[in-house]
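First the structure, in the form of structure tokens, and then the observations on it.
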Amino acid sequence: MAMSQEVEGPGLDAPLDEGAAVAPAAALYRALGEPTRLLIVQHLFSGEHRVRELTEHLGLAQSTVSAHLACLRDCGLVTSRVHGRASMFSLVDPERLVSLFAVTEGLLEATGSAAALCTHLGPQERARLEDER
């Protein structure tokens with residue numbers, strides 16, 4: 001299987017490394033593909049949280065939650081701000097994540113597996129966010 005191809009068009013005559021081209025998307029899906037990170041993202045739909053609040057909610061060690069938050073931050077999915085001696089974590093772009101989760105739920109339903117990925121958003125809030133896209 002060839003990993004590069006020629007792309008034609010203005011300024012696009014250089015070989016395209018397909019692996020490099022999909023690497024950012026693969027990293028994003030890998031970040032969201034880990035169940036604990038997906039649970040953290042779901043919980044952050046309800047608003048900003050400290051690591052301590054996330055550890056209490058998830059029942060995990062602080063170091064585990066911090067490592068998952070670092071991954072999500074590195075992928076550009078969450079951001080943090082200093083609040084006193086703690087960091088507050090929030091989603092960078094919740095509207096797009098709602099859209100991604102809605103598409104994911106549709107794909108899962110089409111394959112016979114239903115899931116509710118945006119558990120902290122009610123149907124009206126999800127519909128409003130979808131309409132704003």
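Simple scheme: letters A, B, ... for chains in structure tokens order, numbers from 1 for residues in each chain, numbers from 1 for ligands in the order shown.
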Which residues, written as a short mmCIF file (atom, residue, chain, number, x, y, z; two decimals) with N, CA and C atoms, in the first residue's frame, have at least one atom at most 12 Å from His57 (chain A), with only C-alpha atoms counted and residues fewer than 3 positions away on the same chain left out?
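Below you can see result26.cif, which holds the result:
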```cif
data_model
loop_
_atom_site.label_atom_id
_atom_site.label_comp_id
_atom_site.auth_asym_id
_atom_site.auth_seq_id
_atom_site.Cartn_x
_atom_site.Cartn_y
_atom_site.Cartn_z
N THR A 36 -11.93 6.48 29.66
CA THR A 36 -11.84 7.46 30.74
C THR A 36 -11.81 8.88 30.19
N LEU A 39 -15.23 9.84 29.16
CA LEU A 39 -16.04 10.18 30.34
C LEU A 39 -15.70 11.58 30.85
N ILE A 40 -14.42 11.94 30.83
CA ILE A 40 -14.02 13.29 31.26
C ILE A 40 -14.64 14.33 30.35
N GLN A 42 -17.32 14.03 28.52
CA GLN A 42 -18.76 14.05 28.81
C GLN A 42 -19.06 14.88 30.06
N HIS A 43 -18.27 14.69 31.10
CA HIS A 43 -18.51 15.42 32.34
C HIS A 43 -18.25 16.92 32.18
N LEU A 44 -17.28 17.27 31.35
CA LEU A 44 -16.97 18.69 31.14
C LEU A 44 -18.07 19.41 30.36
N HIS A 49 -14.45 22.22 35.65
CA HIS A 49 -14.22 21.38 36.83
C HIS A 49 -12.75 21.40 37.20
N ARG A 50 -12.51 21.29 38.50
CA ARG A 50 -11.15 21.08 39.02
C ARG A 50 -10.83 19.59 38.89
N VAL A 51 -9.54 19.28 38.92
CA VAL A 51 -9.12 17.88 38.89
C VAL A 51 -9.76 17.13 40.06
N ARG A 52 -9.77 17.73 41.23
CA ARG A 52 -10.35 17.08 42.41
C ARG A 52 -11.81 16.70 42.18
N GLU A 53 -12.56 17.58 41.55
CA GLU A 53 -13.97 17.28 41.27
C GLU A 53 -14.10 16.12 40.29
N LEU A 54 -13.22 16.09 39.30
CA LEU A 54 -13.25 15.00 38.33
C LEU A 54 -12.85 13.68 38.98
N LEU A 60 -11.33 8.00 40.38
CA LEU A 60 -9.97 7.67 39.93
C LEU A 60 -8.94 8.48 40.70
N ALA A 61 -7.69 8.04 40.64
CA ALA A 61 -6.60 8.76 41.29
C ALA A 61 -6.35 10.10 40.58
N GLN A 62 -5.89 11.05 41.35
CA GLN A 62 -5.59 12.39 40.81
C GLN A 62 -4.58 12.30 39.68
N VAL A 65 -6.32 11.10 36.43
CA VAL A 65 -7.15 12.13 35.83
C VAL A 65 -6.27 13.22 35.21
#
```
What's the 10 Å shell around region 75-80 of chain A, counting only C-alpha atoms, without same-chain residues fewer than 3 positions away, as a PyMOL selection string? chain A and resi 24-25+27-32+40-41+44+48-50+69-72+83+86-94+97
Any chance you could export the current selection's N, CA and C atoms as a PDB file, in the first residue's frame?
```
ATOM      1  N   PRO A  24      -3.075  13.952  12.521  1.00  0.00           N
ATOM      2  CA  PRO A  24      -3.833  14.744  13.500  1.00  0.00           C
ATOM      3  C   PRO A  24      -5.209  14.152  13.801  1.00  0.00           C
ATOM      4  N   ALA A  25      -5.902  13.662  12.783  1.00  0.00           N
ATOM      5  CA  ALA A  25      -7.215  13.050  13.004  1.00  0.00           C
ATOM      6  C   ALA A  25      -7.064  11.769  13.820  1.00  0.00           C
ATOM      7  N   ALA A  27      -4.780  11.127  16.042  1.00  0.00           N
ATOM      8  CA  ALA A  27      -4.509  11.515  17.424  1.00  0.00           C
ATOM      9  C   ALA A  27      -5.791  11.951  18.131  1.00  0.00           C
ATOM     10  N   LEU A  28      -6.635  12.684  17.422  1.00  0.00           N
ATOM     11  CA  LEU A  28      -7.914  13.121  18.002  1.00  0.00           C
ATOM     12  C   LEU A  28      -8.791  11.917  18.334  1.00  0.00           C
ATOM     13  N   TYR A  29      -8.933  10.991  17.387  1.00  0.00           N
ATOM     14  CA  TYR A  29      -9.743   9.802  17.634  1.00  0.00           C
ATOM     15  C   TYR A  29      -9.146   8.927  18.729  1.00  0.00           C
ATOM     16  N   ARG A  30      -7.817   8.856  18.792  1.00  0.00           N
ATOM     17  CA  ARG A  30      -7.168   8.083  19.848  1.00  0.00           C
ATOM     18  C   ARG A  30      -7.481   8.702  21.217  1.00  0.00           C
ATOM     19  N   ALA A  31      -7.445  10.038  21.286  1.00  0.00           N
ATOM     20  CA  ALA A  31      -7.752  10.722  22.549  1.00  0.00           C
ATOM     21  C   ALA A  31      -9.184  10.437  22.979  1.00  0.00           C
ATOM     22  N   LEU A  32     -10.106  10.485  22.041  1.00  0.00           N
ATOM     23  CA  LEU A  32     -11.512  10.248  22.364  1.00  0.00           C
ATOM     24  C   LEU A  32     -11.844   8.766  22.472  1.00  0.00           C
ATOM     25  N   ILE A  40     -14.422  11.943  30.828  1.00  0.00           N
ATOM     26  CA  ILE A  40     -14.019  13.288  31.259  1.00  0.00           C
ATOM     27  C   ILE A  40     -14.640  14.332  30.346  1.00  0.00           C
ATOM     28  N   VAL A  41     -14.568  14.112  29.040  1.00  0.00           N
ATOM     29  CA  VAL A  41     -15.171  15.044  28.091  1.00  0.00           C
ATOM     30  C   VAL A  41     -16.671  15.159  28.349  1.00  0.00           C
ATOM     31  N   LEU A  44     -17.278  17.270  31.352  1.00  0.00           N
ATOM     32  CA  LEU A  44     -16.975  18.689  31.144  1.00  0.00           C
ATOM     33  C   LEU A  44     -18.070  19.409  30.363  1.00  0.00           C
ATOM     34  N   GLU A  48     -17.051  23.885  33.811  1.00  0.00           N
ATOM     35  CA  GLU A  48     -15.666  23.798  34.290  1.00  0.00           C
ATOM     36  C   GLU A  48     -15.577  22.918  35.534  1.00  0.00           C
ATOM     37  N   HIS A  49     -14.449  22.219  35.647  1.00  0.00           N
ATOM     38  CA  HIS A  49     -14.221  21.385  36.828  1.00  0.00           C
ATOM     39  C   HIS A  49     -12.751  21.402  37.200  1.00  0.00           C
ATOM     40  N   ARG A  50     -12.506  21.291  38.497  1.00  0.00           N
ATOM     41  CA  ARG A  50     -11.150  21.079  39.017  1.00  0.00           C
ATOM     42  C   ARG A  50     -10.832  19.586  38.894  1.00  0.00           C
ATOM     43  N   LEU A  69      -6.242  14.457  31.364  1.00  0.00           N
ATOM     44  CA  LEU A  69      -6.477  15.868  31.021  1.00  0.00           C
ATOM     45  C   LEU A  69      -5.326  16.433  30.195  1.00  0.00           C
ATOM     46  N   ALA A  70      -4.102  16.026  30.503  1.00  0.00           N
ATOM     47  CA  ALA A  70      -2.944  16.479  29.721  1.00  0.00           C
ATOM     48  C   ALA A  70      -3.064  16.008  28.274  1.00  0.00           C
ATOM     49  N   CYS A  71      -3.490  14.771  28.074  1.00  0.00           N
ATOM     50  CA  CYS A  71      -3.689  14.253  26.716  1.00  0.00           C
ATOM     51  C   CYS A  71      -4.759  15.052  25.993  1.00  0.00           C
ATOM     52  N   LEU A  72      -5.876  15.283  26.663  1.00  0.00           N
ATOM     53  CA  LEU A  72      -6.975  16.041  26.042  1.00  0.00           C
ATOM     54  C   LEU A  72      -6.560  17.472  25.742  1.00  0.00           C
ATOM     55  N   HIS A  83      -7.180  29.079  38.902  1.00  0.00           N
ATOM     56  CA  HIS A  83      -8.187  29.648  39.800  1.00  0.00           C
ATOM     57  C   HIS A  83      -7.683  29.396  41.219  1.00  0.00           C
ATOM     58  N   ALA A  86      -5.762  26.061  42.202  1.00  0.00           N
ATOM     59  CA  ALA A  86      -6.234  24.955  41.370  1.00  0.00           C
ATOM     60  C   ALA A  86      -6.323  25.386  39.908  1.00  0.00           C
ATOM     61  N   SER A  87      -6.428  24.412  39.047  1.00  0.00           N
ATOM     62  CA  SER A  87      -6.687  24.661  37.627  1.00  0.00           C
ATOM     63  C   SER A  87      -8.116  24.241  37.334  1.00  0.00           C
ATOM     64  N   MET A  88      -8.795  25.077  36.569  1.00  0.00           N
ATOM     65  CA  MET A  88     -10.159  24.779  36.140  1.00  0.00           C
ATOM     66  C   MET A  88     -10.089  24.307  34.688  1.00  0.00           C
ATOM     67  N   PHE A  89     -10.675  23.153  34.405  1.00  0.00           N
ATOM     68  CA  PHE A  89     -10.652  22.583  33.059  1.00  0.00           C
ATOM     69  C   PHE A  89     -12.011  22.727  32.406  1.00  0.00           C
ATOM     70  N   SER A  90     -11.990  23.033  31.103  1.00  0.00           N
ATOM     71  CA  SER A  90     -13.227  23.159  30.340  1.00  0.00           C
ATOM     72  C   SER A  90     -12.978  22.724  28.905  1.00  0.00           C
ATOM     73  N   LEU A  91     -14.061  22.491  28.184  1.00  0.00           N
ATOM     74  CA  LEU A  91     -13.968  22.112  26.777  1.00  0.00           C
ATOM     75  C   LEU A  91     -13.627  23.327  25.932  1.00  0.00           C
ATOM     76  N   VAL A  92     -12.778  23.144  24.944  1.00  0.00           N
ATOM     77  CA  VAL A  92     -12.398  24.234  24.047  1.00  0.00           C
ATOM     78  C   VAL A  92     -13.543  24.585  23.104  1.00  0.00           C
ATOM     79  N   ASP A  93     -14.184  23.581  22.532  1.00  0.00           N
ATOM     80  CA  ASP A  93     -15.225  23.817  21.527  1.00  0.00           C
ATOM     81  C   ASP A  93     -16.381  22.840  21.733  1.00  0.00           C
ATOM     82  N   PRO A  94     -17.195  23.077  22.775  1.00  0.00           N
ATOM     83  CA  PRO A  94     -18.262  22.116  23.080  1.00  0.00           C
ATOM     84  C   PRO A  94     -19.269  21.947  21.954  1.00  0.00           C
ATOM     85  N   LEU A  97     -17.968  19.409  19.543  1.00  0.00           N
ATOM     86  CA  LEU A  97     -17.985  18.081  20.154  1.00  0.00           C
ATOM     87  C   LEU A  97     -19.401  17.529  20.198  1.00  0.00           C
TER      88      LEU A  97
END
```
As a PDB file with N, CA and C atoms, in the first residue's frame, please: all residues of region 44-92 of chain A that backbone DSSP puts in strand (DSSP E or B).
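In the end it all went to result_38.pdb:
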```
ATOM      1  N   HIS A  49     -14.449  22.219  35.647  1.00  0.00           N
ATOM      2  CA  HIS A  49     -14.221  21.385  36.828  1.00  0.00           C
ATOM      3  C   HIS A  49     -12.751  21.402  37.200  1.00  0.00           C
ATOM      4  N   ARG A  50     -12.506  21.291  38.497  1.00  0.00           N
ATOM      5  CA  ARG A  50     -11.150  21.079  39.017  1.00  0.00           C
ATOM      6  C   ARG A  50     -10.832  19.586  38.894  1.00  0.00           C
ATOM      7  N   VAL A  78      -9.430  20.272  25.492  1.00  0.00           N
ATOM      8  CA  VAL A  78      -9.725  20.984  26.734  1.00  0.00           C
ATOM      9  C   VAL A  78      -8.700  22.079  26.957  1.00  0.00           C
ATOM     10  N   THR A  79      -9.094  23.023  27.769  1.00  0.00           N
ATOM     11  CA  THR A  79      -8.199  24.101  28.161  1.00  0.00           C
ATOM     12  C   THR A  79      -8.285  24.236  29.670  1.00  0.00           C
ATOM     13  N   SER A  80      -7.336  24.943  30.243  1.00  0.00           N
ATOM     14  CA  SER A  80      -7.367  25.146  31.687  1.00  0.00           C
ATOM     15  C   SER A  80      -7.013  26.595  31.989  1.00  0.00           C
ATOM     16  N   ARG A  81      -7.492  27.021  33.143  1.00  0.00           N
ATOM     17  CA  ARG A  81      -7.151  28.347  33.643  1.00  0.00           C
ATOM     18  C   ARG A  81      -6.889  28.219  35.134  1.00  0.00           C
ATOM     19  N   VAL A  82      -6.001  29.053  35.628  1.00  0.00           N
ATOM     20  CA  VAL A  82      -5.664  29.028  37.040  1.00  0.00           C
ATOM     21  C   VAL A  82      -6.757  29.728  37.823  1.00  0.00           C
ATOM     22  N   HIS A  83      -7.180  29.079  38.902  1.00  0.00           N
ATOM     23  CA  HIS A  83      -8.187  29.648  39.800  1.00  0.00           C
ATOM     24  C   HIS A  83      -7.683  29.396  41.219  1.00  0.00           C
ATOM     25  N   ALA A  86      -5.762  26.061  42.202  1.00  0.00           N
ATOM     26  CA  ALA A  86      -6.234  24.955  41.370  1.00  0.00           C
ATOM     27  C   ALA A  86      -6.323  25.386  39.908  1.00  0.00           C
ATOM     28  N   SER A  87      -6.428  24.412  39.047  1.00  0.00           N
ATOM     29  CA  SER A  87      -6.687  24.661  37.627  1.00  0.00           C
ATOM     30  C   SER A  87      -8.116  24.241  37.334  1.00  0.00           C
ATOM     31  N   MET A  88      -8.795  25.077  36.569  1.00  0.00           N
ATOM     32  CA  MET A  88     -10.159  24.779  36.140  1.00  0.00           C
ATOM     33  C   MET A  88     -10.089  24.307  34.688  1.00  0.00           C
ATOM     34  N   PHE A  89     -10.675  23.153  34.405  1.00  0.00           N
ATOM     35  CA  PHE A  89     -10.652  22.583  33.059  1.00  0.00           C
ATOM     36  C   PHE A  89     -12.011  22.727  32.406  1.00  0.00           C
ATOM     37  N   SER A  90     -11.990  23.033  31.103  1.00  0.00           N
ATOM     38  CA  SER A  90     -13.227  23.159  30.340  1.00  0.00           C
ATOM     39  C   SER A  90     -12.978  22.724  28.905  1.00  0.00           C
ATOM     40  N   LEU A  91     -14.061  22.491  28.184  1.00  0.00           N
ATOM     41  CA  LEU A  91     -13.968  22.112  26.777  1.00  0.00           C
ATOM     42  C   LEU A  91     -13.627  23.327  25.932  1.00  0.00           C
TER      43      LEU A  91
END
```
Among the residues of region 12-130 of chain A, find those DSSP assigns to alpha helix (DSSP H) from the backbone and print them as a VMD selection string. chain A and resid 18 to 32 35 to 44 51 to 58 62 to 74 94 to 110 123 to 130
What does the distance from CA of Ser66 (chain A) to CA of Ser99 (chain A) come to in Å, to one decimal?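 One can read the CA of Ser66 (chain A) to CA of Ser99 (chain A) distance as 25.9 Å.
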